[in-house]
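Working notes, beginning with the structure itself.
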Amino acid sequence: MENIYDVLIIGAGVVGSAVAREFSRYELHIAVLEKELDVCMETSGRNTGVLHGGFTYKLGSLKAQCCVEGNREFDRVAQELDVPFKRTGKVVVGFDEKDMQSLLKYKRNGEANGVQGLEIIDKARLQEMAPSAGGEFAMYSPASGMLNPFVYTVALAENAAQNGVHFYFDHEVTGIRRHEGLYSIQTNQGRFCTRWVVNCAGLNSVQVSEMLGIGGYTLGGFKGEYFVLDKKAGKELNMLIYPAPGPNGGFATHATPTVDGNVLIGPDSRLVDDFEDYRATPESLKQLVLDGKKMFKYMKREYFIRNFSGIRPKLINKDTKEILDFVVEARKEAPNSINLVGIESPGLTSALPLARRAVALMREQEKLLPNRSFNPRRRGILCFAEQSEEKKKALIKENPDYGEIVCRCETVTRAEIVQAIRNPLGVRSLIGIKNRTRAMMGRCQGGYCETRLVEIMEEELQESEKEIVYGRKGGKMFTGKVRA
Ligand SMILES: Cc1cc2nc3c(=O)[nH]c(=O)nc-3n(C[C@H](O)[C@H](O)[C@H](O)COP(=O)(O)OP(=O)(O)OC[C@H]3O[C@@H](n4cnc5c(N)ncnc54)[C@H](O)[C@@H]3O)c2cc1C
């Protein structure tokens with residue numbers, strides 16, 4: 001039997017999840033179709049997690065507008081959704097006159113975009129503010145900050161689900177037809193019917209546009225690789241350190257403290273044809289070490305614990321190769337559809353403003369009634385490691401599961417793991433637990449806790465270890481026993 005909705009959203013990255021949350025403010029029957037087994041399995045889980053200030057984006061562009069809007073509101077959003085956020089500030093450092101001219105240009109551009117508090121600081125002030133930064137001078141952006149992209153995306157999706165949105169994972173959209181004023185959406189697990197479609201398919205947004213009958217878009221995949229440094233390095237870095245942008249804009253490798261206390265070195269930028277190729281490349285890793293040291297004086301090899309990459313879906317003009325603005329549109333050739341294409345950086349910062357623009361496009365065409373029971377607040381999983389000793393004791397007394405440390409590196413307790421397994425979206429993968437709790441994200445990368453996590457999942461989900469999936473469909477953890 002077909003499932004009939006008012007709005008179907010394709011893709012559960014940060015944008016699809018924000019769109020779901022913003023539509024759930026209205027009396028609408030809404031669902032999200034996601035090909036992966038969890039939210040943020042593509043670009044939204046493969047980025048730097050910076051809340052950008054908005055000083056590099058072209059004056060008047062959607063990127064500039066959405067970034068500045070998203071930045072300004074984030075203290076409130078972080079509170080509403082109970083997500084970690086630090087407005088650390090950022091220094092964009094320079095070494096010579098060319099860099100100074102570039103910084104002055106971006107300062108003027110940022111001020112015109114409405115970014116507040118930008119100032120040029122000399123070496124003495126730079127050393128005082130960010131002692132680990134390289135550079136002779138800098139532009140300081142106090143509005144820039146850090147968030148956890150996994151937890152933020154999960155929070156948006158959970159809040160949408162609490163407000164009535166249905167999430168279907170492992171549902172890949174393979175075709176779209178329009179018949180008698182309704183869309184029929186074909187997936188690998190059956191057909192859905194809807195009055196409205198919203199395309200939030202990220203790296204696949206051009207294919208989904210084409211399924212809707214909208215052609216003419218080209219995405220360039222710009223891959224960026226990273227090193228993750230352990231928390232010892234995090235103690236040496238108190239704010240984001242970026243190099244001055246080159247003549248074509250865009251930042252080279254930077255050093256970023258994460259909201260959880262690690263450091264990211266990267267990303268670089270390289271055009272790739274394969275949008276699913278997240279493999280590390282020796283050339284990039286070598287260059288990251290050289291470039292990273294210029295930004296962050298205390299970078300040492302012994303701090304490296306992992307590397308990863310993400311691919312920026314940049315909309316490009318096929319002829320001129322110019323990088324184009326975000327697209328959020330409602331086109332006549334695909335009635336009752338909202339199409340989001342080219343949502344590259346600063347897409348994380350801009351997710352909610354983009355979502356509001358999607359809602360506004362629907363409102364231009366039909367009256368939307370408010371959902372009177374909409375609740376913007378969502379509570380996350382309490383982080384045991386961050387509590388005072390007194391609070392920790394009280395938690396253990398209340399629930400002895402807080403007394404069992406499962407992940408030693410990140411001090412994640414059994415109580416947090418169990419809450420993550422019982423997540424409101426019904427996600428059942430090991431990566432799902434990792435992204436919600438930080439278990440397996442520390443120095444040993446799961447070497448100690450992975451098997452214990454699987455045991456707890458077996459108990460909670462009543463599944464055998466052979467059923468437990470690591471992250472992606474078919475990615476089973478165990479196939480059998482090595483020894484009886
Ligand atoms: C290296 C890098 C660094 C970045 N750093 C920052 C930063 O610091 N700050 C910032 O603001 N932004 C940053 N960004 C940009 C930001 O990460 C993206 O703009 C944002 O995550 C895009 O979100 P999305 O939801 O559009 O895409 P995605 O997260 O890719 O979500 C799209 C979803 O659609 C699903 N999907 C695709 N096709 C189908 C289909 N046919 N059927 C069903 N589901 C489908 C995918 O599985 C995916 O989950 C960075 C990006 C990269 C790559």
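Following the order of the structure tokens, chains are lettered A, B, ..., residues in each are numbered from 1, and ligands are numbered from 1.
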### Task
Find the residues around A:Gly70 up to 8 Å (only C-alpha atoms counted), leave out those fewer than 4 positions away in its own chain, and share them as a PyMOL selection string.
chain A and resi 66+74+349-353
### Message
Need to verify the contact set: A:Lys321, 12 Å, only C-alpha atoms, exclusion of same-chain residues closer than 3 positions in sequence. Can you return it as a VMD selection string?
### Response
chain A and resid 218 to 220 271 314 to 318 324
With C-alpha atoms retained, write the just-selected residues as an mmCIF file, in the first residue's frame.
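Full text of part05.cif as output:
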```cif
data_model
loop_
_atom_site.group_PDB
_atom_site.id
_atom_site.type_symbol
_atom_site.label_atom_id
_atom_site.label_comp_id
_atom_site.auth_asym_id
_atom_site.auth_seq_id
_atom_site.Cartn_x
_atom_site.Cartn_y
_atom_site.Cartn_z
ATOM 1 C CA THR A 218 26.355 20.587 -12.745
ATOM 2 C CA LEU A 219 27.957 19.764 -9.417
ATOM 3 C CA GLY A 220 31.694 19.713 -8.904
ATOM 4 C CA LEU A 271 38.165 18.247 -7.670
ATOM 5 C CA LYS A 314 29.680 22.907 -5.381
ATOM 6 C CA LEU A 315 27.323 24.086 -8.094
ATOM 7 C CA ILE A 316 29.442 25.189 -11.064
ATOM 8 C CA ASN A 317 28.883 27.003 -14.293
ATOM 9 C CA LYS A 318 29.883 24.329 -16.824
ATOM 10 C CA LEU A 324 27.688 29.445 -8.037
#
```
### Nearby residues, ligand 1, 7 Å, only C-alpha atoms and all ligand atoms, as a PyMOL selection string
chain A and resi 10-16+33-36+39-52+171-174+200-205+208+223-225+267+309-312+343-350
For the selection just defined, write its residues with N, CA and C atoms to a file, as a compact mmCIF listing (two decimals), in the first residue's frame.
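Below you can see result_20.txt, which holds the result:
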```txt
# COMPACT_ATOMS: atom_id res chain seq x y z
N ILE A 10 13.64 14.45 0.58
CA ILE A 10 14.61 13.43 0.16
C ILE A 10 15.98 13.82 0.71
N GLY A 11 16.48 13.00 1.63
CA GLY A 11 17.81 13.24 2.22
C GLY A 11 17.73 13.70 3.66
N ALA A 12 18.47 12.98 4.53
CA ALA A 12 18.50 13.33 5.97
C ALA A 12 19.90 13.75 6.39
N GLY A 13 20.47 14.70 5.63
CA GLY A 13 21.66 15.39 6.11
C GLY A 13 21.17 16.52 7.00
N VAL A 14 22.08 17.47 7.28
CA VAL A 14 21.68 18.56 8.16
C VAL A 14 20.59 19.41 7.52
N VAL A 15 20.63 19.53 6.17
CA VAL A 15 19.64 20.38 5.51
C VAL A 15 18.27 19.70 5.52
N GLY A 16 18.21 18.41 5.12
CA GLY A 16 16.93 17.69 5.13
C GLY A 16 16.34 17.64 6.53
N LEU A 33 12.87 10.59 3.45
CA LEU A 33 13.39 9.36 2.87
C LEU A 33 14.91 9.47 2.79
N GLU A 34 15.61 8.53 3.40
CA GLU A 34 17.08 8.59 3.45
C GLU A 34 17.64 7.25 3.01
N LYS A 35 18.59 7.28 2.08
CA LYS A 35 19.14 6.01 1.56
C LYS A 35 20.03 5.30 2.56
N GLU A 36 20.65 6.04 3.48
CA GLU A 36 21.56 5.42 4.46
C GLU A 36 20.78 4.97 5.71
N VAL A 39 20.99 9.51 9.98
CA VAL A 39 21.21 10.87 9.48
C VAL A 39 22.73 11.13 9.40
N CYS A 40 23.10 12.16 8.71
CA CYS A 40 24.49 12.67 8.56
C CYS A 40 25.53 11.61 8.21
N MET A 41 25.16 10.70 7.31
CA MET A 41 26.14 9.70 6.85
C MET A 41 26.93 10.20 5.65
N GLU A 42 26.53 11.33 5.06
CA GLU A 42 27.30 11.87 3.93
C GLU A 42 27.97 13.18 4.36
N THR A 43 27.82 14.25 3.60
CA THR A 43 28.59 15.48 3.82
C THR A 43 28.37 16.07 5.22
N SER A 44 27.17 15.94 5.73
CA SER A 44 26.88 16.56 7.04
C SER A 44 27.68 15.92 8.17
N GLY A 45 28.19 14.71 7.96
CA GLY A 45 29.04 14.08 8.96
C GLY A 45 30.50 14.09 8.55
N ARG A 46 30.83 14.88 7.53
CA ARG A 46 32.21 14.87 7.00
C ARG A 46 32.66 16.31 6.74
N ASN A 47 32.63 17.12 7.78
CA ASN A 47 33.02 18.52 7.61
C ASN A 47 33.75 19.01 8.86
N THR A 48 34.03 20.31 8.92
CA THR A 48 34.85 20.84 10.01
C THR A 48 34.02 21.23 11.24
N GLY A 49 32.72 21.39 11.06
CA GLY A 49 31.88 21.74 12.22
C GLY A 49 32.04 23.18 12.66
N VAL A 50 32.38 24.05 11.70
CA VAL A 50 32.53 25.47 12.05
C VAL A 50 31.22 26.22 11.83
N LEU A 51 30.84 27.03 12.80
CA LEU A 51 29.75 27.98 12.59
C LEU A 51 30.41 29.21 11.97
N HIS A 52 30.28 29.34 10.67
CA HIS A 52 31.01 30.39 9.96
C HIS A 52 30.41 31.77 10.25
N HIS A 171 15.95 3.92 2.56
CA HIS A 171 14.95 4.18 1.52
C HIS A 171 15.58 5.09 0.47
N GLU A 172 16.11 4.47 -0.56
CA GLU A 172 16.75 5.26 -1.62
C GLU A 172 15.72 5.60 -2.69
N VAL A 173 15.61 6.87 -3.01
CA VAL A 173 14.67 7.30 -4.06
C VAL A 173 15.29 6.97 -5.41
N THR A 174 14.54 6.21 -6.22
CA THR A 174 15.08 5.77 -7.51
C THR A 174 14.30 6.37 -8.69
N CYS A 200 16.64 17.44 -0.88
CA CYS A 200 17.78 17.80 -0.01
C CYS A 200 18.83 16.70 -0.13
N ALA A 201 19.07 16.24 -1.37
CA ALA A 201 19.88 15.04 -1.57
C ALA A 201 21.38 15.32 -1.69
N GLY A 202 21.83 16.51 -1.36
CA GLY A 202 23.26 16.80 -1.26
C GLY A 202 24.02 16.48 -2.54
N LEU A 203 24.97 15.57 -2.44
CA LEU A 203 25.80 15.21 -3.60
C LEU A 203 24.96 14.59 -4.73
N ASN A 204 23.75 14.09 -4.41
CA ASN A 204 22.88 13.51 -5.44
C ASN A 204 21.77 14.47 -5.84
N SER A 205 21.89 15.75 -5.45
CA SER A 205 20.76 16.66 -5.69
C SER A 205 20.51 16.92 -7.17
N VAL A 208 18.41 13.98 -8.39
CA VAL A 208 17.01 14.09 -7.92
C VAL A 208 16.31 15.23 -8.67
N LYS A 223 36.84 17.47 -2.97
CA LYS A 223 37.16 16.63 -1.82
C LYS A 223 38.12 17.35 -0.87
N GLY A 224 37.87 17.18 0.41
CA GLY A 224 38.76 17.77 1.42
C GLY A 224 39.14 16.70 2.43
N GLU A 225 40.46 16.55 2.68
CA GLU A 225 40.92 15.54 3.64
C GLU A 225 41.36 16.19 4.94
N PRO A 267 40.44 21.13 5.91
CA PRO A 267 40.58 20.25 4.76
C PRO A 267 41.32 20.95 3.63
N SER A 309 37.64 12.25 5.21
CA SER A 309 37.46 13.25 4.15
C SER A 309 35.98 13.50 3.92
N GLY A 310 35.68 14.62 3.27
CA GLY A 310 34.32 14.94 2.85
C GLY A 310 34.38 15.53 1.45
N ILE A 311 33.22 15.56 0.79
CA ILE A 311 33.19 16.10 -0.58
C ILE A 311 32.18 17.24 -0.65
N ARG A 312 32.66 18.42 -1.03
CA ARG A 312 31.78 19.60 -1.09
C ARG A 312 31.00 19.57 -2.41
N ILE A 343 24.46 22.87 -2.09
CA ILE A 343 24.55 23.28 -0.68
C ILE A 343 25.90 22.82 -0.12
N GLU A 344 26.91 23.55 -0.51
CA GLU A 344 28.27 23.29 0.00
C GLU A 344 28.48 24.17 1.24
N SER A 345 29.71 24.40 1.64
CA SER A 345 29.97 25.26 2.79
C SER A 345 29.52 26.68 2.46
N PRO A 346 28.81 27.37 3.30
CA PRO A 346 28.53 27.12 4.71
C PRO A 346 27.15 26.48 4.97
N GLY A 347 26.95 25.28 4.42
CA GLY A 347 25.64 24.64 4.52
C GLY A 347 25.25 24.22 5.92
N LEU A 348 26.27 23.89 6.74
CA LEU A 348 25.98 23.49 8.12
C LEU A 348 25.46 24.72 8.90
N THR A 349 26.19 25.82 8.77
CA THR A 349 25.79 27.07 9.43
C THR A 349 24.42 27.54 8.93
N SER A 350 24.14 27.25 7.65
CA SER A 350 22.98 27.84 6.98
C SER A 350 21.75 26.94 6.98
```
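Excluding stretch 110-118 of chain A itself and any same-chain residue fewer than 4 positions from it, the protein and nucleic acid residues within 10 Å of it, counting only C-alpha atoms, are A:Gly53, A:Gly54, A:Phe55, A:Thr56, A:Tyr57, A:Lys58, A:Leu59, A:Gly60, A:Ser61, A:Ala64, A:Gln65, A:Cys67, A:Val68, A:Glu69, A:Asn71, A:Arg72, A:Lys90, A:Val91, A:Leu104, A:Lys105, A:Tyr106, A:Met139, A:Tyr140, A:Ser141, A:Pro142, A:Ala143, A:Ser144.
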Please produce a file of those selected residues containing N, CA and C atoms, as a PDB file, in the first residue's frame.
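Produced file again06.pdb, reproduced below:
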```pdb
ATOM      1  N   GLY A  53      31.312  32.793  10.153  1.00  0.00           N
ATOM      2  CA  GLY A  53      30.870  34.172  10.381  1.00  0.00           C
ATOM      3  C   GLY A  53      30.146  34.727   9.170  1.00  0.00           C
ATOM      4  N   GLY A  54      30.660  34.465   7.968  1.00  0.00           N
ATOM      5  CA  GLY A  54      30.001  34.932   6.741  1.00  0.00           C
ATOM      6  C   GLY A  54      30.752  36.044   6.032  1.00  0.00           C
ATOM      7  N   PHE A  55      32.063  36.205   6.301  1.00  0.00           N
ATOM      8  CA  PHE A  55      32.770  37.337   5.689  1.00  0.00           C
ATOM      9  C   PHE A  55      33.341  37.044   4.305  1.00  0.00           C
ATOM     10  N   THR A  56      33.393  35.744   3.894  1.00  0.00           N
ATOM     11  CA  THR A  56      33.993  35.471   2.580  1.00  0.00           C
ATOM     12  C   THR A  56      32.951  35.431   1.456  1.00  0.00           C
ATOM     13  N   TYR A  57      31.686  35.281   1.798  1.00  0.00           N
ATOM     14  CA  TYR A  57      30.694  35.037   0.742  1.00  0.00           C
ATOM     15  C   TYR A  57      30.272  36.344   0.082  1.00  0.00           C
ATOM     16  N   LYS A  58      29.995  36.245  -1.221  1.00  0.00           N
ATOM     17  CA  LYS A  58      29.695  37.408  -2.065  1.00  0.00           C
ATOM     18  C   LYS A  58      28.526  38.202  -1.493  1.00  0.00           C
ATOM     19  N   LEU A  59      28.695  39.509  -1.465  1.00  0.00           N
ATOM     20  CA  LEU A  59      27.676  40.402  -0.917  1.00  0.00           C
ATOM     21  C   LEU A  59      26.315  40.127  -1.573  1.00  0.00           C
ATOM     22  N   GLY A  60      25.297  39.944  -0.746  1.00  0.00           N
ATOM     23  CA  GLY A  60      23.939  39.758  -1.256  1.00  0.00           C
ATOM     24  C   GLY A  60      23.630  38.327  -1.655  1.00  0.00           C
ATOM     25  N   SER A  61      24.636  37.446  -1.671  1.00  0.00           N
ATOM     26  CA  SER A  61      24.372  36.061  -2.091  1.00  0.00           C
ATOM     27  C   SER A  61      23.566  35.341  -1.015  1.00  0.00           C
ATOM     28  N   ALA A  64      25.823  34.245   1.776  1.00  0.00           N
ATOM     29  CA  ALA A  64      26.112  35.285   2.773  1.00  0.00           C
ATOM     30  C   ALA A  64      24.902  35.492   3.689  1.00  0.00           C
ATOM     31  N   GLN A  65      23.724  35.619   3.092  1.00  0.00           N
ATOM     32  CA  GLN A  65      22.520  35.889   3.902  1.00  0.00           C
ATOM     33  C   GLN A  65      22.252  34.768   4.898  1.00  0.00           C
ATOM     34  N   CYS A  67      24.257  32.394   5.953  1.00  0.00           N
ATOM     35  CA  CYS A  67      25.336  32.164   6.912  1.00  0.00           C
ATOM     36  C   CYS A  67      25.240  33.158   8.073  1.00  0.00           C
ATOM     37  N   VAL A  68      25.055  34.436   7.739  1.00  0.00           N
ATOM     38  CA  VAL A  68      24.990  35.455   8.791  1.00  0.00           C
ATOM     39  C   VAL A  68      23.753  35.208   9.686  1.00  0.00           C
ATOM     40  N   GLU A  69      22.636  34.869   9.045  1.00  0.00           N
ATOM     41  CA  GLU A  69      21.397  34.591   9.797  1.00  0.00           C
ATOM     42  C   GLU A  69      21.582  33.369  10.710  1.00  0.00           C
ATOM     43  N   ASN A  71      24.368  32.126  11.825  1.00  0.00           N
ATOM     44  CA  ASN A  71      25.348  32.410  12.873  1.00  0.00           C
ATOM     45  C   ASN A  71      24.688  33.173  14.026  1.00  0.00           C
ATOM     46  N   ARG A  72      23.926  34.210  13.670  1.00  0.00           N
ATOM     47  CA  ARG A  72      23.348  35.074  14.710  1.00  0.00           C
ATOM     48  C   ARG A  72      22.405  34.345  15.647  1.00  0.00           C
ATOM     49  N   LYS A  90      37.554  33.248  15.651  1.00  0.00           N
ATOM     50  CA  LYS A  90      38.481  32.729  14.634  1.00  0.00           C
ATOM     51  C   LYS A  90      39.517  33.800  14.313  1.00  0.00           C
ATOM     52  N   VAL A  91      40.787  33.388  14.106  1.00  0.00           N
ATOM     53  CA  VAL A  91      41.769  34.321  13.561  1.00  0.00           C
ATOM     54  C   VAL A  91      42.168  33.849  12.166  1.00  0.00           C
ATOM     55  N   LEU A 104      41.991  42.750   4.456  1.00  0.00           N
ATOM     56  CA  LEU A 104      41.237  44.012   4.435  1.00  0.00           C
ATOM     57  C   LEU A 104      40.021  43.888   3.522  1.00  0.00           C
ATOM     58  N   LYS A 105      40.228  43.199   2.395  1.00  0.00           N
ATOM     59  CA  LYS A 105      39.125  42.994   1.447  1.00  0.00           C
ATOM     60  C   LYS A 105      37.991  42.185   2.122  1.00  0.00           C
ATOM     61  N   TYR A 106      38.379  41.092   2.809  1.00  0.00           N
ATOM     62  CA  TYR A 106      37.346  40.248   3.429  1.00  0.00           C
ATOM     63  C   TYR A 106      36.704  40.937   4.638  1.00  0.00           C
ATOM     64  N   MET A 139      43.078  38.758  10.954  1.00  0.00           N
ATOM     65  CA  MET A 139      41.742  39.338  11.123  1.00  0.00           C
ATOM     66  C   MET A 139      41.036  38.477  12.169  1.00  0.00           C
ATOM     67  N   TYR A 140      40.472  39.131  13.171  1.00  0.00           N
ATOM     68  CA  TYR A 140      39.778  38.403  14.232  1.00  0.00           C
ATOM     69  C   TYR A 140      38.275  38.464  13.986  1.00  0.00           C
ATOM     70  N   SER A 141      37.635  37.290  14.036  1.00  0.00           N
ATOM     71  CA  SER A 141      36.175  37.217  13.868  1.00  0.00           C
ATOM     72  C   SER A 141      35.576  36.611  15.133  1.00  0.00           C
ATOM     73  N   PRO A 142      35.053  37.438  16.043  1.00  0.00           N
ATOM     74  CA  PRO A 142      34.545  36.905  17.307  1.00  0.00           C
ATOM     75  C   PRO A 142      33.274  36.070  17.158  1.00  0.00           C
ATOM     76  N   ALA A 143      32.558  36.235  16.037  1.00  0.00           N
ATOM     77  CA  ALA A 143      31.273  35.532  15.883  1.00  0.00           C
ATOM     78  C   ALA A 143      31.441  34.069  15.482  1.00  0.00           C
ATOM     79  N   SER A 144      32.617  33.686  14.981  1.00  0.00           N
ATOM     80  CA  SER A 144      32.788  32.312  14.496  1.00  0.00           C
ATOM     81  C   SER A 144      32.826  31.328  15.667  1.00  0.00           C
TER      82      SER A 144
END
```
So which residues touch A:Leu369 within 9 Å, counting only C-alpha atoms, skipping near sequence neighbours fewer than 6 positions away, as a PDB file with N, CA and C atoms, in the first residue's frame?
```pdb
ATOM      1  N   ARG A  25       6.541  22.674  12.031  1.00  0.00           N
ATOM      2  CA  ARG A  25       5.852  23.769  12.735  1.00  0.00           C
ATOM      3  C   ARG A  25       4.428  23.942  12.220  1.00  0.00           C
ATOM      4  N   TYR A  26       4.074  23.209  11.117  1.00  0.00           N
ATOM      5  CA  TYR A  26       2.760  23.373  10.497  1.00  0.00           C
ATOM      6  C   TYR A  26       2.007  22.052  10.506  1.00  0.00           C
ATOM      7  N   GLU A  27       0.675  22.180  10.333  1.00  0.00           N
ATOM      8  CA  GLU A  27      -0.200  20.990  10.293  1.00  0.00           C
ATOM      9  C   GLU A  27       0.006  20.265   8.975  1.00  0.00           C
ATOM     10  N   LEU A  28       1.016  19.443   8.899  1.00  0.00           N
ATOM     11  CA  LEU A  28       1.337  18.735   7.660  1.00  0.00           C
ATOM     12  C   LEU A  28       1.771  17.311   8.005  1.00  0.00           C
TER      13      LEU A  28
END
```
Counting only C-alpha atoms, give me one row per residue of stretch 53-162 of chain A with an atom at most 12 Å from an atom of stretch 231-237 of chain A, showing the shortest contact pair and its distance in Å to one decimal, sorted by chain then residue number, as a Markdown table.
```
| residue | atom | partner | partner_atom | distance |
| --- | --- | --- | --- | --- |
| A:Thr88 | CA | A:Leu237 | CA | 10.3 |
| A:Gly89 | CA | A:Leu237 | CA | 11.7 |
| A:Lys90 | CA | A:Leu237 | CA | 11.1 |
| A:Val91 | CA | A:Leu237 | CA | 11.6 |
| A:Gln127 | CA | A:Leu237 | CA | 11.8 |
| A:Met129 | CA | A:Leu237 | CA | 10.3 |
| A:Ala130 | CA | A:Leu237 | CA | 7.2 |
| A:Pro131 | CA | A:Leu237 | CA | 8.0 |
| A:Ser132 | CA | A:Leu237 | CA | 6.2 |
| A:Ala133 | CA | A:Leu237 | CA | 8.2 |
| A:Gly134 | CA | A:Leu237 | CA | 11.7 |
```
With C-alpha atoms retained, could you export that selection as a compact mmCIF listing (two decimals), in the first residue's frame?
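The result, stored in part_9.txt:
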```
# COMPACT_ATOMS: atom_id res chain seq x y z
CA THR A 88 35.42 30.45 20.19
CA GLY A 89 36.16 33.13 17.61
CA LYS A 90 38.48 32.73 14.63
CA VAL A 91 41.77 34.32 13.56
CA GLN A 127 49.98 35.85 20.25
CA MET A 129 44.70 35.71 21.90
CA ALA A 130 45.89 32.54 20.14
CA PRO A 131 49.41 31.64 21.39
CA SER A 132 49.65 28.56 19.14
CA ALA A 133 48.89 30.47 15.91
CA GLY A 134 51.51 31.15 13.28
```
